[in-house]
Amino acid sequence: MGRGDLTDEQRAVLETLLPKSARAGRPPVWPRRQLIDGIRFQVRTGVPWRDVPVEYGPWGRVYDLCAP
C-alpha cells in the first residue's frame, strides 16, 4: 500500500457508496480498490494517465473506470 492509498477504514466507507456488480462469471483481474487508488494517485500528482504506476493496474483500465 502506498502512502496516499485508501486505508481499510476508508475503503469500508467507500464500499457502501459504490454500485454492486451485476455481472456474473469470472472475477475481475484488477481489484476495484487498486484501480481507485490509481485514480486517486493521478488526481493527487497530476501525472499523465500513461504514467500511473503499474501497481495500480494498466493505465487504460484505471482511466476507463473514471471516464464517464
# chains A, B, ... in the order shown; residues from 1 in each chain; ligands from 1

$ residues_around --residues "Arg40 of chain A" --least-positions-apart "5" --cutoff "12 Å" --atoms "only C-alpha atoms" --output "NGL selection string"
:A and (2-6 or 33-35 or 45-47 or 49 or 52-53 or 56 or 62-63 or 65-66)

$ write_last_selection --atoms "all heavy atoms" --output "compact mmCIF listing (two decimals), in the first residue's frame"
# COMPACT_ATOMS: atom_id res chain seq x y z
N GLY A 2 0.60 2.15 -0.90
CA GLY A 2 1.35 3.39 -0.98
C GLY A 2 0.92 4.38 0.08
O GLY A 2 -0.11 4.21 0.76
N ARG A 3 1.69 5.41 0.23
CA ARG A 3 1.43 6.41 1.27
C ARG A 3 0.07 7.07 1.10
O ARG A 3 -0.61 7.36 2.08
CB ARG A 3 2.54 7.45 1.23
CG ARG A 3 2.39 8.49 2.26
CD ARG A 3 3.55 9.43 2.35
NE ARG A 3 4.35 9.48 1.14
CZ ARG A 3 5.28 10.38 0.92
NH1 ARG A 3 5.52 11.29 1.82
NH2 ARG A 3 5.98 10.39 -0.21
N GLY A 4 -0.37 7.32 -0.13
CA GLY A 4 -1.62 8.02 -0.34
C GLY A 4 -2.81 7.11 -0.62
O GLY A 4 -3.89 7.59 -0.93
N ASP A 5 -2.62 5.79 -0.51
CA ASP A 5 -3.71 4.86 -0.80
C ASP A 5 -4.74 4.83 0.32
O ASP A 5 -4.47 5.24 1.44
CB ASP A 5 -3.15 3.45 -1.02
CG ASP A 5 -2.29 3.36 -2.26
OD1 ASP A 5 -2.30 4.32 -3.07
OD2 ASP A 5 -1.61 2.34 -2.42
N LEU A 6 -5.92 4.34 -0.02
CA LEU A 6 -7.00 4.25 0.96
C LEU A 6 -6.66 3.27 2.08
O LEU A 6 -6.10 2.19 1.82
CB LEU A 6 -8.28 3.77 0.29
CG LEU A 6 -8.95 4.71 -0.70
CD1 LEU A 6 -10.09 4.00 -1.41
CD2 LEU A 6 -9.44 5.95 -0.02
N ARG A 33 -10.32 -1.77 -5.76
CA ARG A 33 -9.57 -0.96 -4.79
C ARG A 33 -8.27 -0.45 -5.41
O ARG A 33 -7.91 0.71 -5.25
CB ARG A 33 -9.26 -1.79 -3.55
CG ARG A 33 -8.48 -1.02 -2.51
CD ARG A 33 -8.25 -1.85 -1.28
NE ARG A 33 -7.70 -1.03 -0.22
CZ ARG A 33 -7.74 -1.36 1.03
NH1 ARG A 33 -8.33 -2.46 1.41
NH2 ARG A 33 -7.20 -0.57 1.94
N GLN A 34 -7.56 -1.31 -6.13
CA GLN A 34 -6.32 -0.89 -6.78
C GLN A 34 -6.58 0.18 -7.83
O GLN A 34 -5.84 1.16 -7.93
CB GLN A 34 -5.66 -2.08 -7.48
CG GLN A 34 -4.74 -2.88 -6.60
CD GLN A 34 -4.08 -3.97 -7.41
OE1 GLN A 34 -4.75 -4.89 -7.86
NE2 GLN A 34 -2.79 -3.87 -7.58
N LEU A 35 -7.62 -0.01 -8.60
CA LEU A 35 -7.94 0.95 -9.66
C LEU A 35 -8.33 2.30 -9.07
O LEU A 35 -7.93 3.35 -9.59
CB LEU A 35 -9.05 0.40 -10.55
CG LEU A 35 -8.71 -0.91 -11.28
CD1 LEU A 35 -9.94 -1.44 -11.99
CD2 LEU A 35 -7.55 -0.73 -12.23
N THR A 45 -1.26 13.62 -7.99
CA THR A 45 0.04 14.02 -8.52
C THR A 45 -0.06 14.80 -9.81
O THR A 45 0.86 15.54 -10.15
CB THR A 45 0.92 12.78 -8.77
OG1 THR A 45 0.28 11.94 -9.73
CG2 THR A 45 1.17 12.02 -7.48
N GLY A 46 -1.13 14.60 -10.58
CA GLY A 46 -1.30 15.31 -11.83
C GLY A 46 -0.50 14.71 -12.99
O GLY A 46 -0.36 15.35 -14.03
N VAL A 47 0.01 13.50 -12.83
CA VAL A 47 0.77 12.87 -13.91
C VAL A 47 -0.17 12.50 -15.05
O VAL A 47 -1.37 12.31 -14.84
CB VAL A 47 1.52 11.60 -13.43
CG1 VAL A 47 2.51 11.94 -12.33
CG2 VAL A 47 0.57 10.52 -12.99
N TRP A 49 -2.10 10.07 -17.61
CA TRP A 49 -2.67 8.74 -17.33
C TRP A 49 -1.68 7.63 -17.63
O TRP A 49 -1.59 6.65 -16.91
CB TRP A 49 -3.96 8.53 -18.12
CG TRP A 49 -5.09 9.28 -17.52
CD1 TRP A 49 -5.66 10.42 -17.99
CD2 TRP A 49 -5.78 8.98 -16.30
NE1 TRP A 49 -6.66 10.84 -17.14
CE2 TRP A 49 -6.75 9.97 -16.10
CE3 TRP A 49 -5.66 7.97 -15.35
CZ2 TRP A 49 -7.60 9.98 -15.00
CZ3 TRP A 49 -6.51 7.97 -14.25
CH2 TRP A 49 -7.46 8.98 -14.09
N VAL A 52 0.68 6.51 -14.71
CA VAL A 52 0.19 5.93 -13.46
C VAL A 52 0.96 4.62 -13.24
O VAL A 52 1.08 3.80 -14.16
CB VAL A 52 -1.33 5.66 -13.53
CG1 VAL A 52 -1.80 4.86 -12.33
CG2 VAL A 52 -2.09 6.97 -13.62
N PRO A 53 1.55 4.40 -12.06
CA PRO A 53 2.35 3.19 -11.83
C PRO A 53 1.55 1.91 -12.08
O PRO A 53 0.36 1.84 -11.82
CB PRO A 53 2.74 3.30 -10.35
CG PRO A 53 2.65 4.75 -10.03
CD PRO A 53 1.55 5.28 -10.90
N TYR A 56 -1.05 -0.07 -9.78
CA TYR A 56 -2.48 0.25 -9.71
C TYR A 56 -3.27 -0.39 -10.84
O TYR A 56 -4.48 -0.21 -10.91
CB TYR A 56 -2.68 1.76 -9.74
CG TYR A 56 -2.07 2.47 -8.56
CD1 TYR A 56 -1.07 3.41 -8.73
CD2 TYR A 56 -2.48 2.18 -7.26
CE1 TYR A 56 -0.50 4.05 -7.64
CE2 TYR A 56 -1.92 2.81 -6.18
CZ TYR A 56 -0.93 3.75 -6.37
OH TYR A 56 -0.38 4.38 -5.30
N VAL A 62 -7.47 1.88 -15.48
CA VAL A 62 -7.69 2.90 -14.45
C VAL A 62 -8.45 4.08 -15.04
O VAL A 62 -9.43 4.57 -14.46
CB VAL A 62 -6.33 3.38 -13.87
CG1 VAL A 62 -6.52 4.53 -12.91
CG2 VAL A 62 -5.61 2.24 -13.18
N TYR A 63 -8.06 4.50 -16.24
CA TYR A 63 -8.74 5.62 -16.91
C TYR A 63 -10.19 5.26 -17.24
O TYR A 63 -11.09 6.07 -17.04
CB TYR A 63 -7.98 6.00 -18.19
CG TYR A 63 -8.68 7.06 -18.99
CD1 TYR A 63 -8.58 8.39 -18.63
CD2 TYR A 63 -9.45 6.74 -20.10
CE1 TYR A 63 -9.23 9.38 -19.35
CE2 TYR A 63 -10.10 7.71 -20.82
CZ TYR A 63 -9.98 9.03 -20.45
OH TYR A 63 -10.64 10.00 -21.17
N LEU A 65 -12.19 3.34 -15.72
CA LEU A 65 -13.04 3.31 -14.53
C LEU A 65 -13.53 4.71 -14.17
O LEU A 65 -14.65 4.88 -13.69
CB LEU A 65 -12.30 2.69 -13.35
CG LEU A 65 -13.10 2.50 -12.07
CD1 LEU A 65 -14.25 1.51 -12.30
CD2 LEU A 65 -12.23 1.99 -10.95
N CYS A 66 -12.71 5.73 -14.44
CA CYS A 66 -13.12 7.09 -14.04
C CYS A 66 -13.76 7.87 -15.18
O CYS A 66 -14.38 8.89 -14.95
CB CYS A 66 -11.94 7.85 -13.48
SG CYS A 66 -10.87 8.56 -14.71

$ atom_distance --atom1 "atom CA of Asp51 of chain A" --atom2 "atom CA of Asp37 of chain A"
13.9 Å

$ select_by_dssp --residues "chain A" --states "alpha helix (DSSP H)" --output "VMD selection string"
chain A and resid 8 to 15 32 to 45 59 to 66

$ atom_distance --atom1 "atom CA of Pro58 of chain A" --atom2 "atom CA of Ala12 of chain A"
24.0 Å

$ atom_distance --atom1 "atom CA of Arg26 of chain A" --atom2 "atom CA of Gly57 of chain A"
17.5 Å
